[in-house]
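Student: One file: data_26.json (JSON, C-alpha atoms and all ligand atoms).
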[["chain", "number", "residue", "atom", "x", "y", "z"],
["A", 3, "MET", "CA", 20.73, 13.30, -2.39],
["A", 4, "ALA", "CA", 16.93, 13.28, -2.07],
["A", 5, "GLU", "CA", 15.50, 10.24, -0.26],
["A", 6, "PRO", "CA", 13.43, 8.05, -2.63],
["A", 7, "ARG", "CA", 9.66, 8.23, -2.18],
["A", 8, "PHE", "CA", 8.16, 5.58, 0.12],
["A", 9, "HIS", "CA", 5.61, 3.54, -1.81],
["A", 10, "THR", "CA", 2.37, 2.73, -0.01],
["A", 11, "ILE", "CA", -0.88, 1.05, -0.92],
["A", 12, "ALA", "CA", -2.05, 4.51, -2.04],
["A", 13, "THR", "CA", 0.79, 4.51, -4.62],
["A", 14, "LEU", "CA", -0.34, 1.13, -5.93],
["A", 15, "ARG", "CA", -3.98, 2.24, -6.18],
["A", 16, "ARG", "CA", -2.87, 5.35, -8.08],
["A", 17, "LEU", "CA", -0.72, 3.25, -10.46],
["A", 18, "LYS", "CA", -3.72, 0.99, -11.13],
["A", 19, "GLN", "CA", -5.97, 3.99, -11.85],
["A", 20, "GLU", "CA", -3.38, 5.53, -14.15],
["A", 21, "GLY", "CA", -2.76, 2.23, -15.95],
["A", 22, "GLU", "CA", 0.93, 2.07, -14.98],
["A", 23, "LYS", "CA", 2.06, -1.50, -14.27],
["A", 24, "ILE", "CA", 3.39, -2.30, -10.78],
["A", 25, "ALA", "CA", 6.79, -4.04, -10.55],
["A", 26, "CYS", "CA", 7.21, -6.50, -7.68],
["A", 27, "VAL", "CA", 10.00, -9.03, -6.96],
["A", 28, "THR", "CA", 10.69, -11.32, -4.03],
["A", 29, "SER", "CA", 13.57, -10.34, -1.76],
["A", 30, "TYR", "CA", 15.07, -12.18, 1.19],
["A", 31, "ASP", "CA", 18.12, -10.14, 2.22],
["A", 32, "ALA", "CA", 19.55, -6.63, 2.57],
["A", 33, "SER", "CA", 21.87, -6.45, -0.47],
["A", 34, "PHE", "CA", 19.28, -7.54, -3.04],
["A", 35, "THR", "CA", 16.74, -5.23, -1.40],
["A", 36, "SER", "CA", 18.96, -2.22, -2.14],
["A", 37, "ARG", "CA", 19.60, -3.33, -5.73],
["A", 38, "LEU", "CA", 15.88, -4.01, -6.34],
["A", 39, "GLU", "CA", 14.89, -0.60, -5.01],
["A", 40, "GLU", "CA", 17.57, 1.09, -7.14],
["A", 41, "ALA", "CA", 16.08, -0.70, -10.17],
["A", 42, "GLY", "CA", 12.69, 0.90, -9.44],
["A", 43, "VAL", "CA", 10.74, -2.01, -7.96],
["A", 44, "GLU", "CA", 7.75, -0.60, -6.05],
["A", 45, "VAL", "CA", 6.87, -3.73, -4.05],
["A", 46, "LEU", "CA", 9.12, -6.30, -2.38],
["A", 47, "LEU", "CA", 7.65, -9.63, -1.35],
["A", 48, "VAL", "CA", 9.45, -11.57, 1.37],
["A", 49, "GLY", "CA", 7.96, -14.78, 0.01],
["A", 50, "ASP", "CA", 7.90, -18.15, 1.71],
["A", 51, "SER", "CA", 9.42, -19.30, -1.61],
["A", 52, "LEU", "CA", 12.59, -18.76, 0.46],
["A", 53, "GLY", "CA", 11.93, -22.26, 1.79],
["A", 54, "MET", "CA", 12.74, -23.59, -1.68],
["A", 55, "VAL", "CA", 15.24, -21.12, -3.18],
["A", 56, "ILE", "CA", 17.24, -20.37, -0.02],
["A", 57, "GLN", "CA", 16.65, -23.25, 2.38],
["A", 58, "GLY", "CA", 16.55, -25.98, -0.29],
["A", 59, "HIS", "CA", 13.26, -27.57, 0.76],
["A", 60, "GLU", "CA", 10.99, -29.28, -1.78],
["A", 61, "SER", "CA", 8.05, -27.04, -0.89],
["A", 62, "THR", "CA", 7.22, -23.97, 1.20],
["A", 63, "LEU", "CA", 5.61, -26.06, 3.95],
["A", 64, "PRO", "CA", 8.60, -26.30, 6.35],
["A", 65, "VAL", "CA", 9.04, -22.50, 6.57],
["A", 66, "THR", "CA", 8.38, -21.13, 10.07],
["A", 67, "VAL", "CA", 7.23, -17.75, 11.35],
["A", 68, "SER", "CA", 10.71, -17.25, 12.85],
["A", 69, "ASP", "CA", 12.29, -17.86, 9.41],
["A", 70, "MET", "CA", 9.98, -15.22, 7.92],
["A", 71, "VAL", "CA", 10.71, -12.75, 10.73],
["A", 72, "TYR", "CA", 14.47, -13.23, 10.19],
["A", 73, "HIS", "CA", 14.37, -12.61, 6.41],
["A", 74, "ALA", "CA", 11.78, -9.83, 6.67],
["A", 75, "ALA", "CA", 14.00, -8.01, 9.18],
["A", 76, "CYS", "CA", 17.04, -8.38, 6.83],
["A", 77, "VAL", "CA", 14.97, -6.80, 4.04],
["A", 78, "ALA", "CA", 13.54, -4.10, 6.32],
["A", 79, "ARG", "CA", 17.01, -2.95, 7.45],
["A", 80, "ALA", "CA", 17.92, -2.08, 3.84],
["A", 81, "GLY", "CA", 14.46, -1.01, 2.66],
["A", 82, "ARG", "CA", 14.10, 2.68, 1.78],
["A", 83, "SER", "CA", 11.31, 2.99, -0.77],
["A", 84, "ALA", "CA", 9.42, -0.23, -1.57],
["A", 85, "LEU", "CA", 6.25, -1.47, 0.07],
["A", 86, "ARG", "CA", 7.23, -4.66, 1.94],
["A", 87, "ILE", "CA", 4.81, -7.60, 1.93],
["A", 88, "VAL", "CA", 5.69, -10.62, 4.07],
["A", 89, "ASP", "CA", 4.18, -14.08, 3.59],
["A", 90, "MET", "CA", 2.47, -15.75, 6.52],
["A", 91, "PRO", "CA", 3.81, -19.32, 6.35],
["A", 92, "PHE", "CA", 1.89, -22.60, 6.30],
["A", 93, "MET", "CA", -0.54, -23.02, 9.25],
["A", 94, "SER", "CA", 0.45, -19.70, 10.84],
["A", 95, "TYR", "CA", -3.04, -18.32, 10.14],
["A", 96, "ALA", "CA", -5.05, -21.53, 10.64],
["A", 97, "ASP", "CA", -7.24, -19.68, 13.14],
["A", 98, "THR", "CA", -7.82, -16.01, 13.79],
["A", 99, "SER", "CA", -5.99, -15.82, 17.07],
["A", 100, "ARG", "CA", -2.86, -17.47, 15.61],
["A", 101, "ALA", "CA", -3.10, -15.17, 12.59],
["A", 102, "LEU", "CA", -3.21, -12.06, 14.79],
["A", 103, "ASP", "CA", -0.26, -13.17, 16.95],
["A", 104, "ASN", "CA", 1.91, -14.20, 14.00],
["A", 105, "ALA", "CA", 1.06, -11.16, 11.84],
["A", 106, "ALA", "CA", 1.96, -8.96, 14.83],
["A", 107, "ARG", "CA", 5.42, -10.58, 14.91],
["A", 108, "LEU", "CA", 5.92, -10.09, 11.16],
["A", 109, "MET", "CA", 4.99, -6.41, 11.50],
["A", 110, "ALA", "CA", 6.72, -5.57, 14.81],
["A", 111, "GLU", "CA", 9.88, -7.72, 14.52],
["A", 112, "GLY", "CA", 10.06, -8.16, 10.74],
["A", 113, "GLY", "CA", 9.11, -4.64, 9.65],
["A", 114, "ALA", "CA", 6.33, -5.86, 7.32],
["A", 115, "HIS", "CA", 4.00, -3.25, 5.85],
["A", 116, "MET", "CA", 1.48, -5.90, 4.79],
["A", 117, "VAL", "CA", 1.04, -9.66, 5.25],
["A", 118, "LYS", "CA", 0.04, -12.17, 2.58],
["A", 119, "LEU", "CA", -2.28, -15.15, 3.06],
["A", 120, "GLU", "CA", -3.04, -17.98, 0.62],
["A", 121, "GLY", "CA", -6.65, -19.04, 0.17],
["A", 122, "GLY", "CA", -10.19, -18.13, -0.78],
["A", 123, "ARG", "CA", -13.30, -16.88, 0.99],
["A", 124, "ARG", "CA", -12.79, -19.13, 4.03],
["A", 125, "LEU", "CA", -10.15, -16.53, 5.02],
["A", 126, "CYS", "CA", -12.61, -13.59, 5.07],
["A", 127, "PRO", "CA", -13.04, -13.62, 8.89],
["A", 128, "THR", "CA", -9.22, -13.66, 9.27],
["A", 129, "VAL", "CA", -8.82, -10.80, 6.81],
["A", 130, "GLU", "CA", -11.48, -8.82, 8.71],
["A", 131, "ALA", "CA", -9.75, -9.51, 12.06],
["A", 132, "LEU", "CA", -6.31, -8.47, 10.76],
["A", 133, "THR", "CA", -7.48, -5.31, 8.99],
["A", 134, "SER", "CA", -9.54, -4.26, 12.00],
["A", 135, "GLN", "CA", -6.25, -4.25, 13.96],
["A", 136, "GLY", "CA", -4.55, -2.08, 11.33],
["A", 137, "ILE", "CA", -2.71, -4.92, 9.58],
["A", 138, "PRO", "CA", -3.02, -4.59, 5.79],
["A", 139, "VAL", "CA", -3.60, -7.88, 3.94],
["A", 140, "CYS", "CA", -2.63, -9.15, 0.50],
["A", 141, "ALA", "CA", -4.68, -12.17, -0.58],
["A", 142, "HIS", "CA", -3.27, -14.92, -2.86],
["A", 143, "LEU", "CA", -5.45, -17.03, -5.19],
["A", 144, "GLY", "CA", -4.94, -19.48, -8.06],
["A", 145, "LEU", "CA", -1.99, -21.80, -7.48],
["A", 146, "THR", "CA", -1.45, -21.52, -3.74],
["A", 147, "PRO", "CA", 1.82, -23.40, -3.05],
["A", 148, "GLN", "CA", 1.02, -24.06, 0.63],
["A", 149, "SER", "CA", -1.83, -26.31, -0.63],
["A", 150, "VAL", "CA", 0.35, -28.12, -3.18],
["A", 151, "HIS", "CA", -0.60, -31.57, -1.86],
["A", 152, "GLN", "CA", -4.31, -30.77, -1.92],
["A", 153, "LEU", "CA", -3.99, -29.35, -5.46],
["A", 154, "GLY", "CA", -2.09, -32.47, -6.59],
["A", 155, "GLY", "CA", 1.01, -30.57, -7.72],
["A", 156, "TYR", "CA", 2.06, -27.19, -9.08],
["A", 157, "ARG", "CA", -0.64, -26.91, -11.76],
["A", 158, "VAL", "CA", -2.49, -24.14, -13.54],
["A", 159, "GLN", "CA", -5.74, -23.30, -11.71],
["A", 160, "GLY", "CA", -9.07, -21.83, -12.86],
["A", 161, "ARG", "CA", -9.17, -23.45, -16.31],
["A", 162, "GLU", "CA", -12.67, -24.93, -15.97],
["A", 163, "PRO", "CA", -15.58, -22.45, -16.09],
["A", 164, "ASP", "CA", -16.73, -23.44, -12.57],
["A", 165, "ALA", "CA", -13.24, -23.01, -11.10],
["A", 166, "ALA", "CA", -12.86, -19.64, -12.85],
["A", 167, "ARG", "CA", -16.21, -18.46, -11.45],
["A", 168, "ARG", "CA", -15.25, -19.60, -7.92],
["A", 169, "LEU", "CA", -11.92, -17.78, -8.16],
["A", 170, "LEU", "CA", -13.64, -14.55, -9.22],
["A", 171, "GLU", "CA", -16.14, -14.89, -6.35],
["A", 172, "ASP", "CA", -13.29, -15.54, -3.89],
["A", 173, "ALA", "CA", -11.50, -12.42, -5.15],
["A", 174, "ARG", "CA", -14.61, -10.27, -4.70],
["A", 175, "ALA", "CA", -15.22, -11.68, -1.19],
["A", 176, "LEU", "CA", -11.62, -11.05, -0.07],
["A", 177, "GLN", "CA", -11.75, -7.47, -1.38],
["A", 178, "GLN", "CA", -15.04, -6.98, 0.48],
["A", 179, "ALA", "CA", -13.46, -8.39, 3.67],
["A", 180, "GLY", "CA", -10.74, -5.72, 3.49],
["A", 181, "ALA", "CA", -7.83, -7.12, 1.46],
["A", 182, "SER", "CA", -5.79, -4.25, -0.06],
["A", 183, "LEU", "CA", -4.02, -6.27, -2.73],
["A", 184, "LEU", "CA", -4.37, -9.61, -4.52],
["A", 185, "VAL", "CA", -1.72, -11.95, -5.95],
["A", 186, "LEU", "CA", -2.91, -14.32, -8.70],
["A", 187, "GLU", "CA", -0.64, -17.26, -9.49],
["A", 188, "CYS", "CA", -0.74, -19.59, -12.51],
["A", 189, "ILE", "CA", -4.16, -19.03, -14.00],
["A", 190, "PRO", "CA", -5.28, -18.45, -17.61],
["A", 191, "ALA", "CA", -4.32, -14.99, -18.86],
["A", 192, "VAL", "CA", -7.94, -14.21, -19.76],
["A", 193, "LEU", "CA", -9.03, -14.87, -16.15],
["A", 194, "GLY", "CA", -6.16, -12.75, -14.78],
["A", 195, "GLY", "CA", -7.38, -9.83, -16.89],
["A", 196, "GLU", "CA", -11.01, -10.35, -15.89],
["A", 197, "VAL", "CA", -10.26, -10.38, -12.15],
["A", 198, "SER", "CA", -8.00, -7.32, -12.47],
["A", 199, "ARG", "CA", -10.68, -5.32, -14.29],
["A", 200, "GLU", "CA", -13.40, -6.48, -11.89],
["A", 201, "LEU", "CA", -11.59, -5.55, -8.64],
["A", 202, "GLU", "CA", -10.89, -2.06, -7.34],
["A", 203, "ILE", "CA", -7.80, -3.22, -5.47],
["A", 204, "PRO", "CA", -4.54, -3.76, -7.43],
["A", 205, "VAL", "CA", -3.92, -7.30, -8.70],
["A", 206, "ILE", "CA", -0.35, -8.59, -9.11],
["A", 207, "GLY", "CA", 0.12, -11.62, -11.34],
["A", 208, "ILE", "CA", 2.68, -14.39, -11.60],
["A", 209, "GLY", "CA", 1.81, -16.62, -14.53],
["A", 210, "ALA", "CA", -1.54, -14.80, -14.72],
["A", 211, "GLY", "CA", -1.11, -12.89, -17.98],
["A", 212, "PRO", "CA", -0.24, -9.37, -19.08],
["A", 213, "ASP", "CA", -3.51, -7.71, -18.07],
["A", 214, "CYS", "CA", -2.95, -7.84, -14.30],
["A", 215, "ASP", "CA", -2.15, -4.48, -12.68],
["A", 216, "GLY", "CA", 1.40, -5.61, -11.94],
["A", 217, "GLN", "CA", 3.77, -8.56, -12.06],
["A", 218, "VAL", "CA", 5.84, -10.44, -9.50],
["A", 219, "LEU", "CA", 8.66, -12.94, -10.04],
["A", 220, "VAL", "CA", 10.78, -14.95, -7.66],
["A", 221, "LEU", "CA", 14.14, -13.13, -7.68],
["A", 222, "TYR", "CA", 16.18, -16.27, -8.31],
["A", 223, "ASP", "CA", 14.01, -17.24, -11.32],
["A", 224, "LEU", "CA", 14.43, -13.72, -12.73],
["A", 225, "LEU", "CA", 18.22, -14.14, -12.44],
["A", 226, "GLY", "CA", 18.16, -17.71, -13.74],
["A", 227, "ILE", "CA", 19.85, -19.20, -10.66],
["A", 228, "THR", "CA", 17.02, -21.33, -9.25],
["A", 229, "PRO", "CA", 18.18, -24.96, -9.41],
["A", 230, "GLY", "CA", 16.18, -27.22, -11.72],
["A", 231, "ARG", "CA", 13.75, -26.26, -14.44],
["A", 232, "ARG", "CA", 12.76, -22.59, -14.70],
["A", 233, "PRO", "CA", 8.97, -22.12, -14.44],
["A", 234, "SER", "CA", 7.56, -21.46, -17.93],
["A", 235, "PHE", "CA", 5.90, -18.22, -16.77],
["A", 236, "SER", "CA", 9.20, -16.67, -15.69],
["A", 237, "ARG", "CA", 12.05, -15.20, -17.73],
["A", 238, "ASP", "CA", 15.80, -15.18, -17.09],
["A", 239, "PHE", "CA", 16.64, -11.48, -17.41],
["A", 240, "LEU", "CA", 20.34, -12.13, -16.87],
["A", 241, "ALA", "CA", 20.56, -14.45, -19.88],
["A", 242, "ASP", "CA", 20.88, -11.56, -22.34],
["A", 243, "GLY", "CA", 24.14, -10.48, -20.72],
["A", 244, "GLY", "CA", 24.97, -7.52, -18.50],
["A", 245, "ASN", "CA", 25.10, -7.63, -14.73],
["A", 246, "ILE", "CA", 22.56, -8.09, -11.94],
["A", 247, "ALA", "CA", 21.70, -4.38, -11.82],
["A", 248, "ASP", "CA", 21.06, -4.41, -15.60],
["A", 249, "ALA", "CA", 18.86, -7.52, -15.30],
["A", 250, "LEU", "CA", 16.74, -6.00, -12.52],
["A", 251, "ARG", "CA", 16.32, -2.76, -14.49],
["A", 252, "ALA", "CA", 15.42, -4.77, -17.62],
["A", 253, "TYR", "CA", 12.71, -6.58, -15.63],
["A", 254, "VAL", "CA", 11.19, -3.32, -14.34],
["A", 255, "GLU", "CA", 11.29, -1.80, -17.85],
["A", 256, "ALA", "CA", 9.72, -4.91, -19.41],
["A", 257, "VAL", "CA", 6.90, -4.92, -16.83],
["A", 258, "LYS", "CA", 6.26, -1.18, -17.18],
["A", 259, "GLY", "CA", 6.48, -1.36, -20.98],
["A", 260, "GLY", "CA", 4.13, -4.36, -21.22],
["A", 261, "GLN", "CA", 6.79, -6.61, -22.83],
["A", 262, "PHE", "CA", 6.72, -9.00, -19.87],
["A", 263, "PRO", "CA", 4.91, -11.33, -19.63],
["A", 264, "ALA", "CA", 5.00, -12.21, -23.35],
["A", 265, "PRO", "CA", 2.62, -14.83, -24.84],
["A", 266, "GLU", "CA", 5.13, -17.65, -24.11],
["A", 267, "HIS", "CA", 4.91, -16.83, -20.35],
["A", 268, "CYS", "CA", 1.09, -17.10, -20.29],
["A", 269, "PHE", "CA", -1.44, -19.91, -19.85],
["A", 270, "SER", "CA", -4.68, -20.41, -21.75],
["B", 301, "LIG", "O1", 6.44, -17.05, -1.89],
["B", 301, "LIG", "C1", 6.46, -16.40, -2.94],
["B", 301, "LIG", "O2", 7.51, -16.05, -3.49],
["B", 301, "LIG", "C2", 5.18, -16.05, -3.55],
["B", 301, "LIG", "C3", 5.20, -15.61, -4.99],
["B", 301, "LIG", "C4", 5.41, -16.78, -5.86],
["B", 301, "LIG", "C5", 3.98, -14.84, -5.34],
["B", 301, "LIG", "O3", 4.17, -16.18, -2.93]]
Is it possible to express this structure as structure tokens?
Tutor:
Amino acid sequence: MAEPRFHTIATLRRLKQEGEKIACVTSYDASFTSRLEEAGVEVLLVGDSLGMVIQGHESTLPVTVSDMVYHAACVARAGRSALRIVDMPFMSYADTSRALDNAARLMAEGGAHMVKLEGGRRLCPTVEALTSQGIPVCAHLGLTPQSVHQLGGYRVQGREPDAARRLLEDARALQQAGASLLVLECIPAVLGGEVSRELEIPVIGIGAGPDCDGQVLVLYDLLGITPGRRPSFSRDFLADGGNIADALRAYVEAVKGGQFPAPEHCFS
């Protein structure tokens, strides 16, 4: 059997140019990694959401670099085709030297292809330092869960004109600093579309509307097994019946076909 193609940042840039939506899901272990790749997911995110959905914490703040290395390595052992992005956890990139050391661990021990950082233009020097060492960076704007206490809760960001303008400027600055990819979380759908059209790099949305270049969901939300209330921007793809493989394929098809996110998953 032919080995599946290995997706790279070049694949994602091509998909953006061709207008094909990128399908991304979080993964934290080997078995789900195989199933997600079989379903056609191009990007796997080893998200620090694992602090909440796997470790049972109230936020992502307690997650350590060692936790991320452990889960990233589980994913990497099974990974055959998807681009693997690994979150840098809270405070692990608070200065450039820490960011370089910790990103090196995520790449060398965890098999990351790219690291993700939460925050705006203040991170430009860190992004420059990482990319100059050959470490690709995904930026993350909008609702940045590591700053939940500063944001005053898990709320939609960028609704006011000033906040929307700042977010767009942050996105441009991070692209200029060398970020290869951007995640936008919980912002108005109109702003998600504007940032995606404005940037050359691919933009992956979660609660950021249908006009982003791709979509990401937390795996356990997509399967409807996250305890508590499901975020309004997500959809339980297992609810319609079938098995896990069917649900993952249905997600990829809905993203590619533009049926997900639907208006009820978007913010204004
Ligand atoms: O940690 C995570 O799963 C994430 C996604 C919500 C984008 O950062």
Student: Would you mind listing the residues within 6 Å of ligand LIG 301 (chain B), counting all atoms listed in the file, as a PyMOL selection string?
Tutor: chain A and resi 28+49-51+220
Student: Take the residues from that selection and put them in a file with C-alpha atoms, as a PDB file, in the coordinates of the input.
Tutor:
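See out-v1.pdb below for the written result:
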ATOM      1  CA  THR A  28      10.690 -11.320  -4.030  1.00  0.00           C
ATOM      2  CA  GLY A  49       7.960 -14.780   0.010  1.00  0.00           C
ATOM      3  CA  ASP A  50       7.900 -18.150   1.710  1.00  0.00           C
ATOM      4  CA  SER A  51       9.420 -19.300  -1.610  1.00  0.00           C
ATOM      5  CA  VAL A 220      10.780 -14.950  -7.660  1.00  0.00           C
TER       6      VAL A 220
END
Student: Applying 12 Å and all atoms listed in the file, which residues near Thr228 of chain A remain after dropping the ones on its own chain fewer than 6 positions away? List them as a list in words.
Tutor: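 What passes the distance filter is Ser51, Leu52, Met54, Val55, Ile56, Gln57, Gly58, Leu219, Val220, Leu221, Tyr222, Ser236, Arg237 and Asp238 of chain A.
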Student: Report the closest atom pair, with its distance in Å rounded to one decimal, for each residue of segment 106-193 of chain A that has an atom no farther than 12 Å from segment 86-93 of chain A; count only C-alpha atoms, sort by chain and then rising residue number, and write it as a Markdown table.
Tutor:
| residue | atom | partner | partner_atom | distance |
| --- | --- | --- | --- | --- |
| A:Ala106 | CA | A:Met90 | CA | 10.7 |
| A:Arg107 | CA | A:Met90 | CA | 10.3 |
| A:Leu108 | CA | A:Val88 | CA | 7.1 |
| A:Met109 | CA | A:Val88 | CA | 8.6 |
| A:Ala110 | CA | A:Val88 | CA | 11.9 |
| A:Glu111 | CA | A:Val88 | CA | 11.6 |
| A:Gly112 | CA | A:Val88 | CA | 8.3 |
| A:Gly113 | CA | A:Arg86 | CA | 7.9 |
| A:Ala114 | CA | A:Arg86 | CA | 5.6 |
| A:His115 | CA | A:Arg86 | CA | 5.3 |
| A:Met116 | CA | A:Ile87 | CA | 4.7 |
| A:Val117 | CA | A:Val88 | CA | 4.9 |
| A:Lys118 | CA | A:Asp89 | CA | 4.7 |
| A:Leu119 | CA | A:Met90 | CA | 5.9 |
| A:Glu120 | CA | A:Met90 | CA | 8.4 |
| A:Gly121 | CA | A:Phe92 | CA | 11.1 |
| A:Ile137 | CA | A:Ile87 | CA | 11.1 |
| A:Pro138 | CA | A:Ile87 | CA | 9.2 |
| A:Val139 | CA | A:Ile87 | CA | 8.7 |
| A:Cys140 | CA | A:Ile87 | CA | 7.7 |
| A:Ala141 | CA | A:Asp89 | CA | 10.0 |
| A:His142 | CA | A:Asp89 | CA | 9.9 |
| A:Thr146 | CA | A:Phe92 | CA | 10.6 |
| A:Pro147 | CA | A:Phe92 | CA | 9.4 |
| A:Gln148 | CA | A:Phe92 | CA | 5.9 |
| A:Ser149 | CA | A:Phe92 | CA | 8.7 |
| A:Val150 | CA | A:Phe92 | CA | 11.1 |
| A:Ser182 | CA | A:Ile87 | CA | 11.3 |
| A:Leu183 | CA | A:Ile87 | CA | 10.1 |
| A:Leu184 | CA | A:Ile87 | CA | 11.4 |
| A:Val185 | CA | A:Ile87 | CA | 11.1 |
Student: Selected residues, C-alpha atoms, written as a short mmCIF file (atom, residue, chain, number, x, y, z; two decimals), keeping the file's coordinate frame, please.
Tutor:
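Listed below is the output, out.cif:
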data_model
loop_
_atom_site.label_atom_id
_atom_site.label_comp_id
_atom_site.auth_asym_id
_atom_site.auth_seq_id
_atom_site.Cartn_x
_atom_site.Cartn_y
_atom_site.Cartn_z
CA ALA A 106 1.96 -8.96 14.83
CA ARG A 107 5.42 -10.58 14.91
CA LEU A 108 5.92 -10.09 11.16
CA MET A 109 4.99 -6.41 11.50
CA ALA A 110 6.72 -5.57 14.81
CA GLU A 111 9.88 -7.72 14.52
CA GLY A 112 10.06 -8.16 10.74
CA GLY A 113 9.11 -4.64 9.65
CA ALA A 114 6.33 -5.86 7.32
CA HIS A 115 4.00 -3.25 5.85
CA MET A 116 1.48 -5.90 4.79
CA VAL A 117 1.04 -9.66 5.25
CA LYS A 118 0.04 -12.17 2.58
CA LEU A 119 -2.28 -15.15 3.06
CA GLU A 120 -3.04 -17.98 0.62
CA GLY A 121 -6.65 -19.04 0.17
CA ILE A 137 -2.71 -4.92 9.58
CA PRO A 138 -3.02 -4.59 5.79
CA VAL A 139 -3.60 -7.88 3.94
CA CYS A 140 -2.63 -9.15 0.50
CA ALA A 141 -4.68 -12.17 -0.58
CA HIS A 142 -3.27 -14.92 -2.86
CA THR A 146 -1.45 -21.52 -3.74
CA PRO A 147 1.82 -23.40 -3.05
CA GLN A 148 1.02 -24.06 0.63
CA SER A 149 -1.83 -26.31 -0.63
CA VAL A 150 0.35 -28.12 -3.18
CA SER A 182 -5.79 -4.25 -0.06
CA LEU A 183 -4.02 -6.27 -2.73
CA LEU A 184 -4.37 -9.61 -4.52
CA VAL A 185 -1.72 -11.95 -5.95
#
Student: Excluding Thr98 of chain A and any residue of its chain fewer than 2 positions from it, enumerate the residues within 8 Å of it, using all atoms listed in the file, and give them as an MDAnalysis selection string.
Tutor: chainID A and resid 95:96 100:102 127:128 131
Student: Compare A:Ile11, A:Val77, A:Leu143, A:Ala181 by their minimum atom-to-atom distance to Thr35 of chain A, counting all atoms listed in the file, and give me the closest one.
Tutor: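 That would be A:Val77, the residue with the smallest distance to Thr35 of chain A.
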Student: Report, in Å with one decimal, the straight-line distance from atom CA of Glu255 of chain A to atom CA of Ala75 of chain A.
Tutor: 27.9 Å
Student: Please, which residues are within 6 Å of (6.7, 0.3, -0.5) by the file's coordinates, counting all atoms listed in the file, and could they come as a short mmCIF file (atom, residue, chain, number, x, y, z; two decimals) with C-alpha atoms, in the coordinates of the input?
Tutor:
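The result, written out as selection.cif:
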data_model
loop_
_atom_site.label_atom_id
_atom_site.label_comp_id
_atom_site.auth_asym_id
_atom_site.auth_seq_id
_atom_site.Cartn_x
_atom_site.Cartn_y
_atom_site.Cartn_z
CA PHE A 8 8.16 5.58 0.12
CA HIS A 9 5.61 3.54 -1.81
CA THR A 10 2.37 2.73 -0.01
CA GLU A 44 7.75 -0.60 -6.05
CA VAL A 45 6.87 -3.73 -4.05
CA SER A 83 11.31 2.99 -0.77
CA ALA A 84 9.42 -0.23 -1.57
CA LEU A 85 6.25 -1.47 0.07
CA ARG A 86 7.23 -4.66 1.94
#
Student: Kindly indicate which residue among A:Ser234, A:Ser99, A:Ser198, A:Gln178 lies nearest to Cys268 of chain A, using only C-alpha atoms for the distances.
Tutor: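 Comparing A:Ser234, A:Ser99, A:Ser198, A:Gln178 against Cys268 of chain A, the winner is A:Ser234.
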Student: Would you work out the distance separating atom CA of Gly21 of chain A from atom CA of Arg157 of chain A, expressed in Å to one decimal?
Tutor: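 Computing it gives 29.5 Å between the two atoms.
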Student: I need every residue sitting at most 12 Å from the point (14.7, -20.9, 10.5) (coordinates as in the file, all atoms listed in the file considered), written as a PyMOL selection string.
Tutor: chain A and resi 50+52-53+56-57+59+64-73+91
Student: Counting all atoms listed in the file, figure out which residue out of A:Leu153, A:Leu63, A:Leu225, A:Val158 gets nearest to Ile246 of chain A.
Tutor: A:Leu225
Student: Which residues are close to Cys188 of chain A, i.e. within 7 Å by only C-alpha atoms, leaving aside same-chain residues fewer than 6 positions away? Reply as a list in words.
Tutor: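 Listed by chain and then number, they are Gly144, Leu145, Val158, Gln159, Ile208, Gly209 and Ala210 of chain A.
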Student: Enter the distance from atom CA of Val218 of chain A to atom CA of Val27 of chain A, in Å, rounded to one decimal.
Tutor: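 One can read the atom CA of Val218 of chain A to atom CA of Val27 of chain A distance as 5.1 Å.
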Student: Take segment 6-12 of chain A, model N, CA, C and O atoms, and hand the result over as an mmCIF file, in the coordinates of the input.
Tutor:
data_model
loop_
_atom_site.group_PDB
_atom_site.id
_atom_site.type_symbol
_atom_site.label_atom_id
_atom_site.label_comp_id
_atom_site.auth_asym_id
_atom_site.auth_seq_id
_atom_site.Cartn_x
_atom_site.Cartn_y
_atom_site.Cartn_z
ATOM 1 N N PRO A 6 14.483 8.505 -1.722
ATOM 2 C CA PRO A 6 13.430 8.050 -2.630
ATOM 3 C C PRO A 6 12.066 8.059 -1.924
ATOM 4 O O PRO A 6 12.009 7.917 -0.702
ATOM 5 N N ARG A 7 11.004 8.201 -2.715
ATOM 6 C CA ARG A 7 9.660 8.230 -2.180
ATOM 7 C C ARG A 7 9.304 6.858 -1.603
ATOM 8 O O ARG A 7 9.680 5.832 -2.147
ATOM 9 N N PHE A 8 8.602 6.847 -0.465
ATOM 10 C CA PHE A 8 8.160 5.580 0.120
ATOM 11 C C PHE A 8 6.850 5.159 -0.516
ATOM 12 O O PHE A 8 5.900 5.921 -0.502
ATOM 13 N N HIS A 9 6.834 3.981 -1.141
ATOM 14 C CA HIS A 9 5.610 3.540 -1.810
ATOM 15 C C HIS A 9 4.656 2.919 -0.778
ATOM 16 O O HIS A 9 5.081 2.161 0.094
ATOM 17 N N THR A 10 3.396 3.246 -0.922
ATOM 18 C CA THR A 10 2.370 2.730 -0.010
ATOM 19 C C THR A 10 1.267 2.111 -0.861
ATOM 20 O O THR A 10 1.312 2.170 -2.099
ATOM 21 N N ILE A 11 0.247 1.605 -0.192
ATOM 22 C CA ILE A 11 -0.880 1.050 -0.920
ATOM 23 C C ILE A 11 -1.560 2.141 -1.746
ATOM 24 O O ILE A 11 -2.108 1.878 -2.817
ATOM 25 N N ALA A 12 -1.467 3.395 -1.260
ATOM 26 C CA ALA A 12 -2.050 4.510 -2.040
ATOM 27 C C ALA A 12 -1.316 4.663 -3.373
ATOM 28 O O ALA A 12 -1.929 4.931 -4.407
#
